[in-house]
>>> print(open('input.tsv').read())   # TSV, C-alpha atoms
chain	number	residue	atom	x	y	z
W	26	ARG	CA	15.27	108.20	-58.72
W	27	GLN	CA	12.29	107.15	-56.66
W	28	ILE	CA	11.33	104.50	-59.22
W	29	ILE	CA	14.88	103.16	-59.22
W	30	LEU	CA	14.95	103.06	-55.44
W	31	ASP	CA	11.56	101.34	-55.21
W	32	LYS	CA	12.65	98.59	-57.61
W	33	CYS	CA	16.16	98.03	-56.25
W	34	ALA	CA	17.25	96.10	-53.19
W	35	ALA	CA	19.90	98.74	-52.55
W	36	VAL	CA	21.62	101.74	-54.08
W	37	PHE	CA	25.28	102.44	-53.32
W	38	CYS	CA	26.76	105.94	-53.44
W	39	VAL	CA	30.47	106.76	-53.39
W	40	SER	CA	30.13	109.46	-50.72
W	41	GLU	CA	27.72	111.01	-48.25
W	42	TYR	CA	27.63	114.00	-50.57
W	43	ILE	CA	26.27	111.86	-53.43
W	44	LYS	CA	23.89	110.04	-51.10
W	45	THR	CA	22.46	113.36	-49.93
W	46	LYS	CA	21.97	114.48	-53.52
W	47	PHE	CA	20.38	111.17	-54.49
W	48	VAL	CA	17.77	111.10	-51.69
W	49	GLU	CA	16.98	114.81	-51.91
W	50	GLY	CA	13.23	115.17	-52.40
W	51	LEU	CA	12.52	111.44	-52.10
W	52	THR	CA	9.99	110.14	-49.61
W	53	ASN	CA	10.13	106.33	-49.55
W	54	ASN	CA	12.80	103.65	-49.09
W	55	LYS	CA	15.62	106.07	-48.35
W	56	GLU	CA	17.02	103.49	-45.92
W	57	LYS	CA	17.97	101.42	-48.98
W	58	VAL	CA	20.65	103.94	-49.93
W	59	TYR	CA	24.15	103.19	-48.62
W	60	VAL	CA	27.55	104.83	-48.84
W	61	LEU	CA	30.39	102.67	-50.14
W	62	TYR	CA	33.57	104.63	-50.67
W	63	ASN	CA	35.85	103.79	-53.56
W	64	GLY	CA	39.04	102.01	-52.61
W	65	VAL	CA	42.62	102.45	-53.76
W	66	LYS	CA	45.55	100.10	-53.41
W	67	ARG	CA	48.33	101.17	-51.09
W	68	THR	CA	51.53	99.58	-52.37
W	69	LEU	CA	53.89	101.11	-49.80
W	70	LYS	CA	54.79	99.37	-46.56
W	71	LYS	CA	56.41	102.36	-44.89
W	72	PHE	CA	56.31	106.13	-45.16
W	73	PRO	CA	58.35	107.24	-48.21
W	74	LEU	CA	61.13	109.78	-48.41
W	75	LYS	CA	59.91	113.09	-49.77
W	76	LYS	CA	61.40	115.51	-52.27
W	77	LYS	CA	60.77	119.23	-52.63
W	78	GLU	CA	58.06	118.76	-55.23
W	79	ILE	CA	54.47	119.94	-55.61
W	80	LEU	CA	51.96	118.18	-57.85
W	81	PHE	CA	48.72	118.65	-59.71
W	82	VAL	CA	47.18	115.43	-61.03
W	83	GLY	CA	44.02	115.50	-63.13
W	84	ARG	CA	42.37	116.36	-66.41
W	85	LEU	CA	43.30	119.73	-67.84
W	86	VAL	CA	39.77	121.11	-67.88
W	87	PRO	CA	38.30	124.22	-66.21
W	88	GLU	CA	36.25	122.31	-63.63
W	89	LYS	CA	39.41	120.72	-62.20
W	90	GLY	CA	40.84	124.17	-61.43
W	91	VAL	CA	44.16	123.55	-63.14
W	92	ASP	CA	44.42	127.21	-64.19
W	93	ILE	CA	44.14	128.20	-60.52
W	94	TYR	CA	47.03	125.88	-59.67
W	95	VAL	CA	49.19	127.31	-62.44
W	96	ASP	CA	48.39	130.90	-61.42
W	97	ALA	CA	49.15	130.09	-57.77
W	98	ILE	CA	52.61	128.64	-58.39
W	99	GLU	CA	53.78	131.32	-60.82
W	100	PRO	CA	55.21	133.62	-58.10
W	101	LEU	CA	56.52	130.65	-56.11
W	102	VAL	CA	58.86	129.36	-58.81
W	103	THR	CA	61.28	132.25	-58.37
W	104	LYS	CA	60.62	132.59	-54.63
W	105	PHE	CA	61.57	128.95	-53.95
W	106	PRO	CA	64.23	127.95	-56.51
W	107	ASP	CA	64.95	124.63	-54.77
W	108	TRP	CA	61.37	123.39	-55.29
W	109	ASN	CA	59.90	121.70	-58.38
W	110	PHE	CA	56.33	121.90	-59.61
W	111	GLY	CA	54.65	119.07	-61.51
W	112	LEU	CA	51.66	118.98	-63.83
W	113	ILE	CA	50.29	115.55	-64.71
W	114	GLY	CA	47.31	115.24	-67.01
W	115	SER	CA	45.72	115.99	-70.36
W	116	SER	CA	42.35	117.27	-71.49
W	117	LYS	CA	41.21	113.73	-72.39
W	118	LEU	CA	41.64	110.88	-69.95
W	119	GLY	CA	44.00	108.27	-71.34
W	120	SER	CA	45.40	110.29	-74.24
W	121	ASN	CA	47.95	113.03	-74.93
W	122	LEU	CA	46.54	113.64	-78.40
W	123	ASN	CA	44.41	116.61	-79.39
W	124	ASN	CA	44.60	118.62	-76.18
W	125	SER	CA	41.91	121.29	-76.07
W	126	TYR	CA	42.62	124.97	-76.71
W	127	TYR	CA	42.14	125.60	-72.99
W	128	ALA	CA	44.63	122.86	-72.06
W	129	GLN	CA	47.20	124.13	-74.54
W	130	ILE	CA	47.04	127.62	-73.03
W	131	ILE	CA	47.62	126.13	-69.58
W	132	ILE	CA	50.50	123.95	-70.79
W	133	ASN	CA	52.23	126.80	-72.62
W	134	LYS	CA	51.98	129.12	-69.62
W	135	PHE	CA	53.25	126.43	-67.28
W	136	LYS	CA	56.25	125.59	-69.45
W	137	LYS	CA	57.32	129.26	-69.42
W	138	PHE	CA	58.08	128.95	-65.70
W	139	GLY	CA	61.37	127.26	-66.58
W	140	HIS	CA	63.20	124.12	-65.51
W	141	GLN	CA	61.40	123.89	-62.14
W	142	ALA	CA	58.07	123.37	-63.92
W	143	ASN	CA	57.71	119.83	-65.24
W	144	PHE	CA	54.81	119.02	-67.55
W	145	PHE	CA	54.32	115.26	-67.89
W	146	GLY	CA	51.04	115.00	-69.78
W	147	PHE	CA	48.87	111.96	-69.28
W	148	LYS	CA	50.75	109.14	-67.52
W	149	ASP	CA	49.85	105.64	-66.44
W	150	TYR	CA	49.02	104.53	-62.91
W	151	SER	CA	52.53	103.36	-61.98
W	152	PHE	CA	54.10	106.69	-63.02
W	153	VAL	CA	51.55	108.69	-61.04
W	154	GLN	CA	52.08	106.53	-57.96
W	155	GLU	CA	55.84	107.02	-58.19
W	156	LYS	CA	55.44	110.79	-58.40
W	157	MET	CA	53.02	110.76	-55.47
W	158	ARG	CA	55.48	108.74	-53.39
W	159	ASN	CA	58.15	111.39	-53.92
W	160	ALA	CA	56.07	114.57	-53.80
W	161	SER	CA	55.72	116.63	-50.63
W	162	ILE	CA	52.52	118.50	-51.49
W	163	ILE	CA	49.59	117.99	-53.83
W	164	VAL	CA	47.04	120.60	-54.87
W	165	ILE	CA	43.48	119.50	-55.71
W	166	PRO	CA	41.69	122.74	-56.69
W	167	SER	CA	38.46	121.29	-58.09
W	168	LEU	CA	35.71	123.80	-58.86
W	169	TRP	CA	33.03	121.21	-59.53
W	170	HIS	CA	31.70	119.02	-56.74
W	171	GLU	CA	33.72	115.82	-57.02
W	172	PRO	CA	31.56	112.78	-56.21
W	173	PHE	CA	34.42	111.11	-54.34
W	174	GLY	CA	37.89	112.57	-54.81
W	175	LEU	CA	40.06	109.70	-56.02
W	176	VAL	CA	43.22	111.81	-56.26
W	177	ALA	CA	42.83	112.79	-52.61
W	178	ALA	CA	42.56	109.15	-51.53
W	179	GLU	CA	45.60	108.18	-53.62
W	180	ALA	CA	47.52	111.13	-52.19
W	181	MET	CA	46.75	110.06	-48.62
W	182	SER	CA	47.91	106.52	-49.38
W	183	ASN	CA	51.27	108.03	-50.37
W	184	GLY	CA	51.58	110.41	-47.44
W	185	ILE	CA	51.35	113.74	-49.28
W	186	ALA	CA	50.38	117.02	-47.63
W	187	ILE	CA	47.06	117.93	-49.27
W	188	ILE	CA	45.67	121.33	-50.24
W	189	ALA	CA	42.17	120.90	-51.68
W	190	SER	CA	38.83	122.49	-52.40
W	191	ASN	CA	36.22	122.03	-49.70
W	192	VAL	CA	33.56	120.81	-52.16
W	193	GLY	CA	31.67	117.63	-53.00
W	194	GLY	CA	33.04	114.40	-51.58
W	195	ILE	CA	36.59	115.72	-51.11
W	196	PRO	CA	36.20	116.80	-47.46
W	197	GLU	CA	34.94	113.31	-46.56
W	198	ILE	CA	38.22	111.90	-47.84
W	199	VAL	CA	40.62	114.51	-46.48
W	200	GLU	CA	38.77	115.38	-43.25
W	201	ASN	CA	41.23	117.15	-40.90
W	202	ASN	CA	44.25	115.50	-42.52
W	203	GLY	CA	44.93	118.30	-44.98
W	204	ILE	CA	44.08	121.90	-45.83
W	205	LEU	CA	40.53	122.37	-47.15
W	206	ILE	CA	39.81	125.73	-48.77
W	207	GLU	CA	36.38	127.33	-49.12
W	208	ASN	CA	35.80	129.26	-52.36
W	209	ILE	CA	39.24	128.28	-53.60
W	210	ASN	CA	41.30	130.68	-55.67
W	211	SER	CA	44.93	131.17	-56.67
W	212	ASN	CA	45.73	133.56	-53.81
W	213	LYS	CA	44.49	131.12	-51.19
W	214	ILE	CA	46.48	128.29	-52.75
W	215	GLU	CA	49.60	130.47	-52.99
W	216	ASN	CA	49.32	131.38	-49.30
W	217	SER	CA	48.79	127.76	-48.25
W	218	LEU	CA	51.70	126.55	-50.38
W	219	THR	CA	53.98	129.27	-49.05
W	220	ASN	CA	53.13	128.29	-45.49
W	221	LEU	CA	53.85	124.60	-46.10
W	222	ILE	CA	57.05	125.24	-48.05
W	223	GLU	CA	58.41	127.55	-45.35
W	224	ASN	CA	57.13	125.49	-42.42
W	225	LYS	CA	58.72	122.04	-42.62
W	226	LYS	CA	57.19	120.96	-39.31
W	227	GLU	CA	53.66	121.74	-40.47
W	228	ARG	CA	54.27	120.11	-43.85
W	229	GLU	CA	55.56	116.90	-42.28
W	230	LEU	CA	52.69	116.86	-39.80
W	231	LEU	CA	50.14	116.87	-42.64
W	232	GLN	CA	52.11	114.22	-44.49
W	233	LYS	CA	52.15	111.94	-41.46
W	234	LYS	CA	48.44	112.54	-40.76
W	235	ALA	CA	47.54	111.68	-44.36
W	236	TRP	CA	49.64	108.52	-44.16
W	237	LYS	CA	48.39	107.39	-40.76
W	238	ASN	CA	44.72	108.15	-41.29
W	239	PHE	CA	44.35	106.69	-44.79
W	240	ARG	CA	41.28	104.43	-44.68
W	241	PHE	CA	40.19	104.01	-48.28
W	242	SER	CA	41.98	100.81	-49.20
W	243	SER	CA	40.45	98.59	-51.88
W	244	PHE	CA	40.67	95.67	-49.44
W	245	ARG	CA	38.59	97.53	-46.85
W	246	SER	CA	36.00	98.59	-49.43
W	247	SER	CA	35.66	94.99	-50.61
W	248	LYS	CA	35.10	93.78	-47.05
W	249	ILE	CA	32.46	96.43	-46.43
W	250	LEU	CA	30.72	95.49	-49.69
W	251	ASP	CA	30.67	91.84	-48.61
W	252	LYS	CA	28.99	92.81	-45.34
W	253	TYR	CA	26.42	94.95	-47.14
W	254	ARG	CA	25.74	92.18	-49.63
W	255	LYS	CA	25.10	89.63	-46.88
W	256	TYR	CA	22.86	92.04	-44.96
W	257	ILE	CA	20.83	92.94	-48.03
W	258	LEU	CA	20.42	89.35	-49.21
W	259	ASP	CA	19.37	88.24	-45.70
W	260	SER	CA	16.82	91.05	-45.49
W	261	ILE	CA	15.08	90.17	-48.80
W	262	ASN	CA	15.07	86.39	-48.30
>>> encode(input="input.tsv", output="structure tokens")
Amino acid sequence: RQIILDKCAAVFCVSEYIKTKFVEGLTNNKEKVYVLYNGVKRTLKKFPLKKKEILFVGRLVPEKGVDIYVDAIEPLVTKFPDWNFGLIGSSKLGSNLNNSYYAQIIINKFKKFGHQANFFGFKDYSFVQEKMRNASIIVIPSLWHEPFGLVAAEAMSNGIAIIASNVGGIPEIVENNGILIENINSNKIENSLTNLIENKKERELLQKKAWKNFRFSSFRSSKILDKYRKYILDSIN
């Protein structure tokens, strides 16, 4: 890392979390490390109408915490019969073929919850955006330290109430615009979901905060990159 930093004009990291990890133990040229958040495209012009739907979006692998999501919603399906629960993803990004043994266990358990539980598998960007526009709540229960948290940024752009792990780069995206859970587990998710389902005012407040405070547009990221590029080129010329 030090050799890379010494030879480069600049190093860009997708979050303060990654920047901290990158410069850890380094002594020289740490000022050449910058944070440039990923950007997502907001296609909506106004806040969308919401349905009684809860989503998980991500790969069906242990580190994404999908099993925690499924365990958390199991008692809620019968408790809230007017709500639907979605599961979007597969074990391999971009394919619904050859799901892992772990993923198949998750899928089979989820499907047993009945007609309120909708498994969609891997879907393209436009499908995911449509589901995010309609959903009221999204759960992001990552166990590994996400470098950025793309799903969280996309969720905010669509005005979804967010329940997420307080790990990695996720809290930089969500900040105080959602519910961040330390040492996440199914009981904590179940309690948070129950509160938001039963408390419409609180749910709508988080939705509006996510919508209003979304700041990770691709346009903004491009503009920031342009400014960094000019500054860096000026400083080495």
>>> residues_around(input="input.tsv", residues="Leu112 (chain W)", least_positions_apart="6", cutoff="7 Å", atoms="all atoms listed in the file", output="list in words")
Leu80, Phe81, Val82, Asn143, Phe144 and Phe145 of chain W
>>> residues_around(input="input.tsv", residues="region 220-227 of chain W", least_positions_apart="3", cutoff="12 Å", atoms="all atoms listed in the file", output="PyMOL selection string")
chain W and resi 75-79+98+101-102+104-109+161-164+185-188+202-204+213-217+230-234
>>> residues_around(input="input.tsv", residues="region 89-92 of chain W", least_positions_apart="3", cutoff="8 Å", atoms="all atoms listed in the file", output="list in words")
Phe81, Gly83, Arg84, Leu85, Val86, Val95, Asp96, Ile131, Ile165, Pro166, Ser167, Leu168 and Trp169 of chain W
>>> closest_atom_pairs(input="input.tsv", of="region 122-223 of chain W", to="region 32-42 of chain W", cutoff="10 Å", atoms="all atoms listed in the file", output="JSON lines")
{"residue": "W:His170", "atom": "CA", "partner": "W:Tyr42", "partner_atom": "CA", "distance": 8.9}
{"residue": "W:Glu171", "atom": "CA", "partner": "W:Tyr42", "partner_atom": "CA", "distance": 9.1}
{"residue": "W:Pro172", "atom": "CA", "partner": "W:Ser40", "partner_atom": "CA", "distance": 6.6}
{"residue": "W:Phe173", "atom": "CA", "partner": "W:Ser40", "partner_atom": "CA", "distance": 5.9}
{"residue": "W:Gly174", "atom": "CA", "partner": "W:Ser40", "partner_atom": "CA", "distance": 9.3}
{"residue": "W:Val192", "atom": "CA", "partner": "W:Tyr42", "partner_atom": "CA", "distance": 9.2}
{"residue": "W:Gly193", "atom": "CA", "partner": "W:Tyr42", "partner_atom": "CA", "distance": 6.0}
{"residue": "W:Gly194", "atom": "CA", "partner": "W:Tyr42", "partner_atom": "CA", "distance": 5.5}
{"residue": "W:Ile195", "atom": "CA", "partner": "W:Ser40", "partner_atom": "CA", "distance": 9.0}
{"residue": "W:Pro196", "atom": "CA", "partner": "W:Tyr42", "partner_atom": "CA", "distance": 9.5}
{"residue": "W:Glu197", "atom": "CA", "partner": "W:Ser40", "partner_atom": "CA", "distance": 7.4}
{"residue": "W:Ile198", "atom": "CA", "partner": "W:Ser40", "partner_atom": "CA", "distance": 8.9}
>>> closest_residue(input="input.tsv", among="W:Tyr150, W:Tyr62, W:Tyr256, W:Tyr127", to="Ser243 (chain W)", atoms="all atoms listed in the file")
W:Tyr62
>>> residues_around(input="input.tsv", residues="Phe239 (chain W)", least_positions_apart="6", cutoff="8 Å", atoms="only C-alpha atoms", output="mmCIF file with C-alpha atoms, keeping the file's coordinate frame")
data_model
loop_
_atom_site.group_PDB
_atom_site.id
_atom_site.type_symbol
_atom_site.label_atom_id
_atom_site.label_comp_id
_atom_site.auth_asym_id
_atom_site.auth_seq_id
_atom_site.Cartn_x
_atom_site.Cartn_y
_atom_site.Cartn_z
ATOM 1 C CA ALA W 178 42.560 109.150 -51.530
ATOM 2 C CA MET W 181 46.750 110.060 -48.620
ATOM 3 C CA SER W 182 47.910 106.520 -49.380
#
